[in-house]
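Below is one structure, written out as structure tokens, with a few remarks after it.
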Amino acid sequence: MELDIRVLKYFLAVAQAGNMTQAAKDLHITQPTLSRQMMDLEKNLGTELFVRKHKQLTLSDSGFLFQQRAKEIAQLADKACREIAEQKAQMQGTVTIACVESIASLLLPEIMAAFSQNFPSVKYELYSADGNDIREKIDRGNIDLGILLEPVEVAKYNFLRLPCYEKWGIAMREDSPLAPKEAITTKDIQGLPIIIPRRTIVIEEISRWLEVEGNRLNIVASHNLPTNGLLLAKQGIGYLICVEGAFTIRPMPGLCFRPFLPERITGHVLAWKKNHALSQVTQHFLEFVRIKYEVSQDRYS
């Protein structure tokens with residue numbers, strides 16, 4: 001079964017409008033044409049995508065799943081068209097890049113500003129996410145580059161190691177019994193309720209630091225972005241294990257950060273998918289970073 005990109009975009013417009021008439025106006029086509037396209041789509045898929053009631057349309061369970069995949073396909077199609085157009089232009093185009101919430105969030109704008117001085121026509125699409133989401137977007141081709149916090153557990157990527165390092169520690173309320181300490185030992189927090197990143201490899205790393213098996217950690221919450229974890233810590237729900245940069249880039253009144261003792265240091269990498277054709281502007285961006293920071297390309301093996 002073949003799916004027309006145009007029909008996928010029609011479906012997304014109907015799902016957003018919740019009404020066939022309004023969607024037809026938005027798409028500048030007739031309502032009967034749009035209705036026929038949606039019925040043909042449902043027939044080809046062998047399932048109803050909409051629940052129809054009083055001229056209003058809501059997505060069925062199948063419709064919700066199809067909407068997610070249709071968005072991804074439409075984004076990839078748009079990205080491919082944009083990259084082809086960029087090949088015809090002289091250093092014009094878009095760099096798509098995602099970044100974890102850490103001190104790298106401060107480094108990335110500096111890199112972009114310096115690059116834009118040489119290539120002012122270049123545009124950027126930025127995403128904030130955790131390592132899992134970033135890797136997934138790279139794998140699917142939704143983005144080209146991702147700044148990841150080590151450890152990185154897969155062998156799919158080439159990368160540049162960035163001159164950007166973080167200390168791990170605890171973010172907690174200023175009235176916490178541990179707040180007066182200058183540094184936190186593993187003994188200090190054993191048995192205490194902790195809030196941690198959701199990444200399995202990070203949980204395993206924390207377990208080794210604390211010398212406690214992962215299933216015996218007193219984990220009260222996990223998160224995909226440190227911002228959410230900081231809000232939980234502010235409510236006194238637990239102690240947030242995070243890198244210092246996650247706290248310093250958006251300090252919250254009433255919270256403080258204390259590093260681990262002994263120190264736990266981690267680095268950052270700028271990664272992209274192996275054997276994946278990058279746009280000309282993205283290749284120039286990578287070469288700019290490599291030269292600016294005198295780093296060499298590497299890869300996981």
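Residue numbering restarts at 1 in every chain; chains get A, B, ... in the order shown in the structure tokens, and ligands count up from 1 in that same order.
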
Hey, what's within 8 Å of A:Ile196 if we count only C-alpha atoms and toss same-chain stuff fewer than 2 positions away? As a PyMOL selection string, please? chain A and resi 194+198+203+219+221-223+229+240-242

Counting only C-alpha atoms, which residues of stretch 32-133 of chain A sit at most 10 Å from some atom of stretch 284-287 of chain A, and what is each one's closest atom pair with its distance in Å to one decimal, listed by chain and rising residue number, as a tab-separated table?
```
residue	atom	partner	partner_atom	distance
A:Met91	CA	A:His284	CA	8.6
A:Val95	CA	A:Phe285	CA	7.8
A:Ile111	CA	A:Phe285	CA	9.1
A:Met112	CA	A:Phe285	CA	8.7
A:Phe115	CA	A:Phe285	CA	7.2
A:Ser116	CA	A:Phe285	CA	9.8
A:Phe119	CA	A:Phe285	CA	9.7
A:Val122	CA	A:Phe285	CA	9.8
```

Keeping only N, CA, C and O atoms, write the selected residues as an mmCIF file, in the first residue's frame.
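The new file part-v8.cif reads:
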```cif
data_model
loop_
_atom_site.group_PDB
_atom_site.id
_atom_site.type_symbol
_atom_site.label_atom_id
_atom_site.label_comp_id
_atom_site.auth_asym_id
_atom_site.auth_seq_id
_atom_site.Cartn_x
_atom_site.Cartn_y
_atom_site.Cartn_z
ATOM 1 N N MET A 91 25.826 28.118 0.818
ATOM 2 C CA MET A 91 25.866 28.211 2.271
ATOM 3 C C MET A 91 24.618 28.847 2.856
ATOM 4 O O MET A 91 24.682 29.762 3.659
ATOM 5 N N VAL A 95 20.478 24.125 10.090
ATOM 6 C CA VAL A 95 21.125 23.121 10.920
ATOM 7 C C VAL A 95 20.120 22.674 11.972
ATOM 8 O O VAL A 95 19.626 23.494 12.747
ATOM 9 N N ILE A 111 28.617 28.751 19.936
ATOM 10 C CA ILE A 111 29.040 28.140 18.682
ATOM 11 C C ILE A 111 28.210 28.692 17.525
ATOM 12 O O ILE A 111 28.735 29.074 16.471
ATOM 13 N N MET A 112 26.892 28.761 17.718
ATOM 14 C CA MET A 112 26.004 29.233 16.664
ATOM 15 C C MET A 112 26.284 30.696 16.310
ATOM 16 O O MET A 112 26.298 31.065 15.124
ATOM 17 N N PHE A 115 29.483 30.829 14.279
ATOM 18 C CA PHE A 115 29.258 30.287 12.941
ATOM 19 C C PHE A 115 28.455 31.264 12.080
ATOM 20 O O PHE A 115 28.740 31.449 10.886
ATOM 21 N N SER A 116 27.465 31.914 12.698
ATOM 22 C CA SER A 116 26.610 32.850 11.966
ATOM 23 C C SER A 116 27.364 34.100 11.519
ATOM 24 O O SER A 116 26.958 34.756 10.557
ATOM 25 N N PHE A 119 28.555 32.815 8.313
ATOM 26 C CA PHE A 119 27.491 32.389 7.405
ATOM 27 C C PHE A 119 26.144 32.916 7.922
ATOM 28 O O PHE A 119 25.350 32.177 8.508
ATOM 29 N N VAL A 122 22.511 31.216 7.390
ATOM 30 C CA VAL A 122 22.162 29.913 7.962
ATOM 31 C C VAL A 122 21.114 30.074 9.057
ATOM 32 O O VAL A 122 21.182 31.001 9.873
#
```

Mind checking which residues fall within 7 Å of A:Gly18, counting only C-alpha atoms, ignoring those fewer than 5 positions away in the same chain, and posting them as a CSV table (one decimal) with N, CA and C atoms, in the first residue's frame?
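Done, and the output landed in selection-v3.csv:
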```csv
chain,number,residue,atom,x,y,z
A,56,GLN,N,-18.6,16.8,14.1
A,56,GLN,CA,-17.3,17.0,14.7
A,56,GLN,C,-16.5,15.7,14.6
A,57,LEU,N,-15.2,15.8,14.5
A,57,LEU,CA,-14.3,14.6,14.3
A,57,LEU,C,-13.3,14.6,15.4
A,58,THR,N,-13.2,13.4,16.0
A,58,THR,CA,-12.2,13.1,17.0
A,58,THR,C,-11.4,11.9,16.5
```

If you run DSSP on this backbone, which residues of stretch 2-126 of chain A come out as strand (DSSP E or B), and could you give them as a ChimeraX atom specification? /A:50-53,56-59,93-99,122-126

So that I have them on file, write out the residues from the current selection with all heavy atoms, as a short mmCIF file (atom, residue, chain, number, x, y, z; two decimals), in the first residue's frame.
```
data_model
loop_
_atom_site.label_atom_id
_atom_site.label_comp_id
_atom_site.auth_asym_id
_atom_site.auth_seq_id
_atom_site.Cartn_x
_atom_site.Cartn_y
_atom_site.Cartn_z
N PHE A 50 -11.27 8.28 12.40
CA PHE A 50 -12.03 9.32 13.10
C PHE A 50 -13.29 8.75 13.72
O PHE A 50 -13.88 7.79 13.21
CB PHE A 50 -12.43 10.44 12.13
CG PHE A 50 -11.28 11.14 11.47
CD1 PHE A 50 -10.92 10.82 10.17
CD2 PHE A 50 -10.55 12.12 12.14
CE1 PHE A 50 -9.86 11.46 9.55
CE2 PHE A 50 -9.50 12.76 11.54
CZ PHE A 50 -9.15 12.44 10.24
N VAL A 51 -13.67 9.34 14.82
CA VAL A 51 -15.00 9.11 15.41
C VAL A 51 -15.85 10.31 15.01
O VAL A 51 -15.54 11.44 15.36
CB VAL A 51 -14.92 8.99 16.94
CG1 VAL A 51 -16.32 8.82 17.52
CG2 VAL A 51 -14.02 7.82 17.34
N ARG A 52 -16.89 10.05 14.21
CA ARG A 52 -17.72 11.13 13.66
C ARG A 52 -18.97 11.29 14.49
O ARG A 52 -19.72 10.35 14.69
CB ARG A 52 -18.06 10.83 12.20
CG ARG A 52 -16.83 10.81 11.29
CD ARG A 52 -17.14 10.16 9.94
NE ARG A 52 -16.05 10.31 8.98
CZ ARG A 52 -14.99 9.53 8.93
NH1 ARG A 52 -14.88 8.52 9.79
NH2 ARG A 52 -14.05 9.74 8.02
N LYS A 53 -19.20 12.51 14.97
CA LYS A 53 -20.37 12.78 15.80
C LYS A 53 -20.76 14.25 15.66
O LYS A 53 -19.97 15.14 15.99
CB LYS A 53 -20.08 12.45 17.26
CG LYS A 53 -21.31 12.54 18.17
CD LYS A 53 -20.96 12.08 19.58
CE LYS A 53 -22.19 12.12 20.48
NZ LYS A 53 -21.89 11.68 21.87
N GLN A 56 -18.55 16.83 14.08
CA GLN A 56 -17.25 16.98 14.73
C GLN A 56 -16.48 15.67 14.61
O GLN A 56 -17.06 14.58 14.67
CB GLN A 56 -17.40 17.37 16.19
CG GLN A 56 -17.90 18.79 16.41
CD GLN A 56 -16.93 19.82 15.85
OE1 GLN A 56 -17.27 20.56 14.94
NE2 GLN A 56 -15.73 19.87 16.41
N LEU A 57 -15.19 15.80 14.46
CA LEU A 57 -14.34 14.63 14.28
C LEU A 57 -13.31 14.56 15.41
O LEU A 57 -12.64 15.54 15.71
CB LEU A 57 -13.60 14.70 12.95
CG LEU A 57 -14.46 14.78 11.69
CD1 LEU A 57 -13.58 14.97 10.46
CD2 LEU A 57 -15.30 13.52 11.53
N THR A 58 -13.23 13.40 16.04
CA THR A 58 -12.16 13.14 17.00
C THR A 58 -11.41 11.90 16.54
O THR A 58 -11.97 11.05 15.84
CB THR A 58 -12.70 12.93 18.42
OG1 THR A 58 -13.64 11.83 18.40
CG2 THR A 58 -13.39 14.18 18.93
N LEU A 59 -10.17 11.79 16.91
CA LEU A 59 -9.36 10.67 16.47
C LEU A 59 -9.72 9.40 17.23
O LEU A 59 -9.92 9.42 18.44
CB LEU A 59 -7.88 10.98 16.68
CG LEU A 59 -7.28 12.05 15.76
CD1 LEU A 59 -5.86 12.37 16.20
CD2 LEU A 59 -7.29 11.59 14.31
N GLY A 93 20.82 27.46 4.45
CA GLY A 93 20.15 26.25 4.87
C GLY A 93 19.90 26.25 6.36
O GLY A 93 20.03 27.27 7.02
N THR A 94 19.54 25.09 6.87
CA THR A 94 19.14 24.96 8.27
C THR A 94 19.93 23.83 8.93
O THR A 94 20.03 22.73 8.38
CB THR A 94 17.64 24.65 8.38
OG1 THR A 94 16.90 25.70 7.73
CG2 THR A 94 17.21 24.58 9.84
N VAL A 95 20.48 24.12 10.09
CA VAL A 95 21.12 23.12 10.92
C VAL A 95 20.12 22.67 11.97
O VAL A 95 19.63 23.49 12.75
CB VAL A 95 22.39 23.68 11.61
CG1 VAL A 95 23.00 22.62 12.53
CG2 VAL A 95 23.41 24.14 10.58
N THR A 96 19.79 21.40 12.00
CA THR A 96 18.86 20.87 13.00
C THR A 96 19.67 20.18 14.09
O THR A 96 20.41 19.24 13.81
CB THR A 96 17.86 19.88 12.37
OG1 THR A 96 18.58 18.80 11.76
CG2 THR A 96 17.02 20.57 11.31
N ILE A 97 19.51 20.64 15.32
CA ILE A 97 20.36 20.15 16.40
C ILE A 97 19.57 20.12 17.71
O ILE A 97 18.77 21.01 17.98
CB ILE A 97 21.62 21.04 16.54
CG1 ILE A 97 22.57 20.49 17.60
CG2 ILE A 97 21.26 22.49 16.78
CD1 ILE A 97 23.94 21.14 17.57
N ALA A 98 19.80 19.08 18.49
CA ALA A 98 19.18 18.95 19.81
C ALA A 98 20.26 18.98 20.87
O ALA A 98 21.40 18.60 20.62
CB ALA A 98 18.37 17.66 19.90
N CYS A 99 19.87 19.40 22.07
CA CYS A 99 20.86 19.54 23.15
C CYS A 99 20.23 19.14 24.47
O CYS A 99 19.07 19.47 24.75
CB CYS A 99 21.36 20.98 23.22
SG CYS A 99 22.67 21.27 24.44
N VAL A 122 22.51 31.22 7.39
CA VAL A 122 22.16 29.91 7.96
C VAL A 122 21.11 30.07 9.06
O VAL A 122 21.18 31.00 9.87
CB VAL A 122 23.42 29.21 8.52
CG1 VAL A 122 23.04 27.95 9.29
CG2 VAL A 122 24.38 28.87 7.39
N LYS A 123 20.15 29.17 9.08
CA LYS A 123 19.11 29.16 10.12
C LYS A 123 19.27 27.89 10.96
O LYS A 123 20.00 26.97 10.59
CB LYS A 123 17.72 29.22 9.49
CG LYS A 123 17.50 30.44 8.59
CD LYS A 123 16.10 30.46 8.05
CE LYS A 123 15.92 31.59 7.04
NZ LYS A 123 16.24 32.90 7.63
N TYR A 124 18.54 27.87 12.08
CA TYR A 124 18.69 26.75 13.02
C TYR A 124 17.32 26.26 13.49
O TYR A 124 16.39 27.04 13.67
CB TYR A 124 19.51 27.18 14.24
CG TYR A 124 20.87 27.73 13.90
CD1 TYR A 124 21.05 29.09 13.69
CD2 TYR A 124 21.97 26.89 13.76
CE1 TYR A 124 22.29 29.61 13.35
CE2 TYR A 124 23.22 27.39 13.43
CZ TYR A 124 23.37 28.75 13.23
OH TYR A 124 24.59 29.26 12.89
N GLU A 125 17.23 24.96 13.71
CA GLU A 125 16.10 24.35 14.42
C GLU A 125 16.66 23.69 15.66
O GLU A 125 17.51 22.80 15.55
CB GLU A 125 15.38 23.32 13.55
CG GLU A 125 14.54 23.92 12.44
CD GLU A 125 13.78 22.86 11.65
OE1 GLU A 125 13.83 21.67 12.07
OE2 GLU A 125 13.16 23.21 10.64
N LEU A 126 16.21 24.12 16.83
CA LEU A 126 16.75 23.63 18.09
C LEU A 126 15.72 22.84 18.86
O LEU A 126 14.53 23.16 18.85
CB LEU A 126 17.23 24.81 18.95
CG LEU A 126 18.29 25.74 18.33
CD1 LEU A 126 18.62 26.85 19.30
CD2 LEU A 126 19.53 24.95 17.97
#
```

Mind checking which residues fall within 9 Å of A:Gln190, counting only C-alpha atoms, ignoring those fewer than 5 positions away in the same chain, and posting them as a VMD selection string? chain A and resid 210 212 217 to 218

Now that the selection is made, can you save its residues with N, CA, C and O atoms as a short mmCIF file (atom, residue, chain, number, x, y, z; two decimals), in the first residue's frame?
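Generated output (again-v9.cif):
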```
data_model
loop_
_atom_site.label_atom_id
_atom_site.label_comp_id
_atom_site.auth_asym_id
_atom_site.auth_seq_id
_atom_site.Cartn_x
_atom_site.Cartn_y
_atom_site.Cartn_z
N LEU A 210 26.80 4.74 44.15
CA LEU A 210 26.23 4.59 45.49
C LEU A 210 26.48 3.20 46.07
O LEU A 210 26.13 2.94 47.23
N VAL A 212 24.97 0.51 45.38
CA VAL A 212 23.67 -0.08 45.68
C VAL A 212 23.08 -0.60 44.37
O VAL A 212 23.15 0.09 43.35
N LEU A 217 17.62 1.08 45.02
CA LEU A 217 17.64 2.53 45.19
C LEU A 217 16.25 3.02 45.59
O LEU A 217 15.23 2.52 45.11
N ASN A 218 16.21 4.01 46.45
CA ASN A 218 14.93 4.58 46.87
C ASN A 218 14.53 5.68 45.89
O ASN A 218 14.58 6.87 46.18
#
```

Helix (DSSP H, G or I) positions in stretch 134-236 of chain A, given as a ChimeraX atom specification: /A:134-140,186-189,200-210,214-216,226-234

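Atom CA of A:Ile237 to atom CA of A:Leu255 spans 12.6 Å [interatomic distance, one decimal].
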
Determine, counting only C-alpha atoms, which protein, DNA and RNA residues have an atom within 9 Å of an atom of A:Tyr293; residues of the same chain fewer than 3 positions away are not included. Present the result as a PyMOL selection string. chain A and resi 162-163+288-290

Emit the selected residues as a PDB file, in the first residue's frame, including C-alpha atoms.
```pdb
ATOM      1  CA  LEU A 162      33.275  18.946  23.167  1.00  0.00           C
ATOM      2  CA  PRO A 163      35.423  20.876  25.692  1.00  0.00           C
ATOM      3  CA  PHE A 288      33.663  24.707  12.094  1.00  0.00           C
ATOM      4  CA  VAL A 289      33.246  23.105  15.538  1.00  0.00           C
ATOM      5  CA  ARG A 290      36.141  20.729  14.910  1.00  0.00           C
TER       6      ARG A 290
END
```

Residues near A:Gln16, cut-off 12 Å, only C-alpha atoms, skip fewer than 4 positions along chain, as a PyMOL selection string: chain A and resi 9-12+20+22-24+26-27+50+56-59+63-64+67+71

Would you put the residues from that selection into a file with N, CA, C and O atoms, as a CSV table (one decimal), in the first residue's frame?
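The resulting selection09.csv:
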```
chain,number,residue,atom,x,y,z
A,9,LYS,N,-0.8,14.9,4.8
A,9,LYS,CA,-1.0,16.3,5.3
A,9,LYS,C,-2.4,16.7,5.4
A,9,LYS,O,-2.8,17.5,6.2
A,10,TYR,N,-3.2,16.2,4.4
A,10,TYR,CA,-4.7,16.4,4.5
A,10,TYR,C,-5.2,15.9,5.9
A,10,TYR,O,-6.0,16.5,6.6
A,11,PHE,N,-4.8,14.6,6.2
A,11,PHE,CA,-5.2,14.0,7.4
A,11,PHE,C,-4.8,14.8,8.6
A,11,PHE,O,-5.6,15.0,9.5
A,12,LEU,N,-3.6,15.2,8.6
A,12,LEU,CA,-3.1,16.0,9.8
A,12,LEU,C,-3.9,17.3,9.9
A,12,LEU,O,-4.2,17.7,11.1
A,20,MET,N,-14.3,18.8,9.1
A,20,MET,CA,-14.0,18.6,7.7
A,20,MET,C,-14.1,19.9,7.0
A,20,MET,O,-13.2,20.3,6.1
A,22,GLN,N,-13.8,23.1,8.1
A,22,GLN,CA,-12.7,24.0,8.5
A,22,GLN,C,-11.4,23.6,7.9
A,22,GLN,O,-10.6,24.4,7.4
A,23,ALA,N,-11.2,22.3,7.9
A,23,ALA,CA,-9.9,21.8,7.4
A,23,ALA,C,-9.8,22.0,5.9
A,23,ALA,O,-8.8,22.4,5.3
A,24,ALA,N,-11.0,21.9,5.2
A,24,ALA,CA,-11.0,22.1,3.7
A,24,ALA,C,-10.7,23.6,3.4
A,24,ALA,O,-9.9,23.9,2.5
A,26,ASP,N,-8.8,25.5,5.3
A,26,ASP,CA,-7.4,25.7,5.6
A,26,ASP,C,-6.5,25.2,4.5
A,26,ASP,O,-5.5,25.8,4.2
A,27,LEU,N,-7.0,24.1,3.9
A,27,LEU,CA,-6.2,23.5,2.8
A,27,LEU,C,-6.5,24.1,1.4
A,27,LEU,O,-5.8,23.8,0.4
A,50,PHE,N,-11.3,8.3,12.4
A,50,PHE,CA,-12.0,9.3,13.1
A,50,PHE,C,-13.3,8.7,13.7
A,50,PHE,O,-13.9,7.8,13.2
A,56,GLN,N,-18.6,16.8,14.1
A,56,GLN,CA,-17.3,17.0,14.7
A,56,GLN,C,-16.5,15.7,14.6
A,56,GLN,O,-17.1,14.6,14.7
A,57,LEU,N,-15.2,15.8,14.5
A,57,LEU,CA,-14.3,14.6,14.3
A,57,LEU,C,-13.3,14.6,15.4
A,57,LEU,O,-12.6,15.5,15.7
A,58,THR,N,-13.2,13.4,16.0
A,58,THR,CA,-12.2,13.1,17.0
A,58,THR,C,-11.4,11.9,16.5
A,58,THR,O,-12.0,11.0,15.8
A,59,LEU,N,-10.2,11.8,16.9
A,59,LEU,CA,-9.4,10.7,16.5
A,59,LEU,C,-9.7,9.4,17.2
A,59,LEU,O,-9.9,9.4,18.4
A,63,GLY,N,-6.5,6.3,14.9
A,63,GLY,CA,-6.2,7.6,14.4
A,63,GLY,C,-5.0,8.3,15.2
A,63,GLY,O,-4.2,9.0,14.6
A,64,PHE,N,-5.0,8.1,16.5
A,64,PHE,CA,-3.9,8.7,17.3
A,64,PHE,C,-2.6,8.1,16.9
A,64,PHE,O,-1.6,8.9,16.7
A,67,GLN,N,-1.7,9.4,13.4
A,67,GLN,CA,-1.3,10.9,13.5
A,67,GLN,C,0.2,11.0,13.9
A,67,GLN,O,0.9,11.8,13.3
A,71,LYS,N,2.9,12.6,11.2
A,71,LYS,CA,3.7,13.8,11.5
A,71,LYS,C,5.2,13.5,11.2
A,71,LYS,O,5.9,14.4,10.6
```
